[in-house]
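A.B. asks: Take this structure first; my questions come after.
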Amino acid sequence: MSITIALSKGRIFEETLPLLAAAGIEPLESPDSSRKLIIDTNHAEIRLIIVRATDVPTYVQYGAADIGVAGHDVLLEHGGAGLYQPVDLRIAQCRLMVATRVGFDYEAAVRQGARLRVATKYTESARQHFAKKGVHVDLIKLYGSMELAPLVGLADAIVDLVSTGSTLKANQLVAVEHVLDVSSRLVVNQAALKLKRKQLQPLLDQIASAISC
Ligand code: AMP
């Protein structure tokens, strides 16, 4: 039986490579140079598919891929239906943060009960975060370049991933609140795990034992 692994380009692909290598799996091409969406590996029965980060859970949920690697943030937005999440890979680590323009008094606005406008791609995580704090917000869904929203008056704050902090700094924004720590997880189609356990379980075990502590 063949195994299909869904990955996204960029940081997740780069940081998953050593884990696949530990399981003896090597892609025959790089998605950057080949532009191919299906990439063969050194194992005839194992292939990689390259999809958008937010689409990884969907491909795995419907069984178009048996396993995949997706950020915790992406999984929270997806909801995790049909997915088994056995391992935190501790890769692509970053934080989901609330950020505002430098000089905006976020604490005071929250204290005064102001209704904040918050722009984000991560509406589900943001909704849960502000509900837990009892802060009323109007969420504005964006698909990218969230840093722009407070600068042009679209929103008072954003909820976005922060890694080094340099994107916020370059746009005169500052992180004001931690929402959650994010890293990427292995996701497995629940039906595939039963049907292909003999092939999948050793692969999952090898990947898990290669994770850096
Ligand atoms: P940085 O400037 O290093 O703080 O990175 C922030 C930018 O990179 C923002 O636009 C984030 O949306 C994006 N980013 C940071 N970490 C990740 C990640 N693990 N996955 C996806 N996007 C990320």
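Starting from 1 in every chain, residues are counted up; chains themselves are A, B, ... following the order of the structure tokens, and ligands are numbered from 1 as listed.
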What are the closest atom pairs, with distances in Å to one decimal, for all residues of chain A lying within 12 Å of ligand 1? Consider only C-alpha atoms and all ligand atoms, order rows by chain and residue number, and present the result as CSV.
C.D. replies:
residue,atom,partner,partner_atom_place_in_ligand_line,distance
A:Ser8,CA,ligand 1,21 (C),10.1
A:Lys9,CA,ligand 1,21 (C),10.5
A:Gly10,CA,ligand 1,21 (C),8.9
A:Arg11,CA,ligand 1,19 (N),7.2
A:Ile12,CA,ligand 1,20 (N),7.7
A:Phe13,CA,ligand 1,20 (N),11.1
A:Glu14,CA,ligand 1,19 (N),11.8
A:Glu15,CA,ligand 1,19 (N),10.6
A:Arg52,CA,ligand 1,21 (C),10.8
A:Ala53,CA,ligand 1,21 (C),8.1
A:Thr54,CA,ligand 1,21 (C),9.8
A:Val69,CA,ligand 1,20 (N),11.6
A:Ala70,CA,ligand 1,20 (N),9.2
A:Gly71,CA,ligand 1,20 (N),6.8
A:His72,CA,ligand 1,19 (N),9.2
A:Asp73,CA,ligand 1,20 (N),8.4
A:Val74,CA,ligand 1,20 (N),9.0
A:Arg90,CA,ligand 1,19 (N),10.5
A:Ile91,CA,ligand 1,19 (N),8.0
A:Ala92,CA,ligand 1,19 (N),4.4
A:Gln93,CA,ligand 1,19 (N),5.4
A:Cys94,CA,ligand 1,16 (N),5.2
A:Arg95,CA,ligand 1,16 (N),7.5
A:Leu96,CA,ligand 1,16 (N),8.7
A:Met97,CA,ligand 1,11 (C),10.1
A:Val98,CA,ligand 1,12 (O),12.0
A:Ala99,CA,ligand 1,4 (O),11.3
A:Thr120,CA,ligand 1,12 (O),9.9
A:Lys121,CA,ligand 1,12 (O),9.0
A:Tyr122,CA,ligand 1,12 (O),10.2
A:Leu142,CA,ligand 1,12 (O),11.5
A:Tyr143,CA,ligand 1,12 (O),10.1
A:Gly144,CA,ligand 1,10 (O),7.7
A:Ser145,CA,ligand 1,10 (O),6.6
A:Met146,CA,ligand 1,10 (O),7.4
A:Glu147,CA,ligand 1,10 (O),7.5
A:Leu148,CA,ligand 1,10 (O),10.5
A:Ile158,CA,ligand 1,12 (O),10.7
A:Val159,CA,ligand 1,12 (O),9.3
A:Asp160,CA,ligand 1,12 (O),5.6
A:Leu161,CA,ligand 1,11 (C),4.4
A:Val162,CA,ligand 1,4 (O),3.8
A:Ser163,CA,ligand 1,4 (O),3.6
A:Thr164,CA,ligand 1,3 (O),3.6
A:Gly165,CA,ligand 1,4 (O),3.4
A:Ser166,CA,ligand 1,2 (O),4.0
A:Thr167,CA,ligand 1,2 (O),3.6
A:Leu168,CA,ligand 1,2 (O),6.3
A:Lys169,CA,ligand 1,2 (O),7.9
A:Ala170,CA,ligand 1,2 (O),8.4
A:Asn171,CA,ligand 1,2 (O),10.1
A:Leu173,CA,ligand 1,4 (O),11.0
A:Val174,CA,ligand 1,4 (O),10.7
A:Ala175,CA,ligand 1,4 (O),10.0
A:Asp181,CA,ligand 1,19 (N),10.0
A:Val182,CA,ligand 1,19 (N),7.0
A:Ser183,CA,ligand 1,19 (N),6.7
A:Ser184,CA,ligand 1,19 (N),7.7
A:Arg185,CA,ligand 1,19 (N),11.4
A.B. asks: Would you mind writing down, as JSON, numbers by chain, each residue of stretch 10-53 of chain A that DSSP on the backbone assigns to helix (DSSP H, G or I)?
C.D. replies: {"A": [11, 12, 13, 14, 15, 16, 17, 18, 19, 20, 21, 22, 31, 32, 33, 34, 53]}
A.B. asks: Write out as number ranges by chain which residues come within 7 Å of A:Ser125 when counting only C-alpha atoms, dropping same-chain ones fewer than 3 positions away.
C.D. replies: A: 76-77, 122, 128-129
A.B. asks: So, counting only C-alpha atoms, which residue among A:Gly68, A:Asn189, A:Ala208, A:Glu45 is closest to A:Leu83?
C.D. replies: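 So, comparing all the options, the nearest one is A:Asn189.
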A.B. asks: Which residues, written as a ChimeraX atom specification, have at least one atom at most 8 Å from A:Thr123, with only C-alpha atoms counted and residues fewer than 5 positions away on the same chain left out?
C.D. replies: /A:77,139-141
A.B. asks: Would you mind exporting N, CA, C and O atoms of the selected residues as a CSV table (one decimal), in the first residue's frame?
C.D. replies:
chain,number,residue,atom,x,y,z
A,77,GLU,N,-7.8,26.3,13.7
A,77,GLU,CA,-8.8,26.9,12.8
A,77,GLU,C,-9.6,25.8,12.1
A,77,GLU,O,-10.8,25.9,11.8
A,139,LEU,N,-14.2,41.0,15.0
A,139,LEU,CA,-13.1,40.3,14.3
A,139,LEU,C,-13.2,40.6,12.8
A,139,LEU,O,-14.3,40.4,12.2
A,140,ILE,N,-12.1,40.9,12.2
A,140,ILE,CA,-12.1,41.2,10.7
A,140,ILE,C,-11.2,40.1,10.1
A,140,ILE,O,-10.0,40.1,10.5
A,141,LYS,N,-11.8,39.3,9.3
A,141,LYS,CA,-11.0,38.2,8.7
A,141,LYS,C,-10.1,38.7,7.5
A,141,LYS,O,-10.6,39.4,6.6
A.B. asks: Assign secondary structure with DSSP using the backbone only, and return the residues of stretch 47-199 of chain A in strand (DSSP E or B) as a ChimeraX atom specification.
C.D. replies: /A:47-50,67-71,83-101,116-120,137-141,157-162,173-189
A.B. asks: Taking only C-alpha atoms into account, name the residue in A:Gln172, A:Gln112, A:Thr4, A:Thr16 that is nearest to A:Val60.
C.D. replies: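 Of A:Gln172, A:Gln112, A:Thr4, A:Thr16, the one nearest A:Val60, counting only C-alpha atoms, is A:Thr4.
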A.B. asks: What does the distance between atom CA of A:Ser30 and atom CA of A:Leu7 come to in Å, to one decimal place?
C.D. replies: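 Computed distance, atom CA of A:Ser30 to atom CA of A:Leu7, equals 12.0 Å.
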A.B. asks: How many Å lie between atom CA of A:Ala64 and atom CA of A:Ala21, rounded to one decimal?
C.D. replies: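 So the two atoms, atom CA of A:Ala64 and atom CA of A:Ala21, lie 22.7 Å apart.
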A.B. asks: What's the separation between atom CA of A:Tyr84 and atom CA of A:Gln199, in Å to one decimal place?
C.D. replies: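 These two atoms are separated by 16.0 Å.
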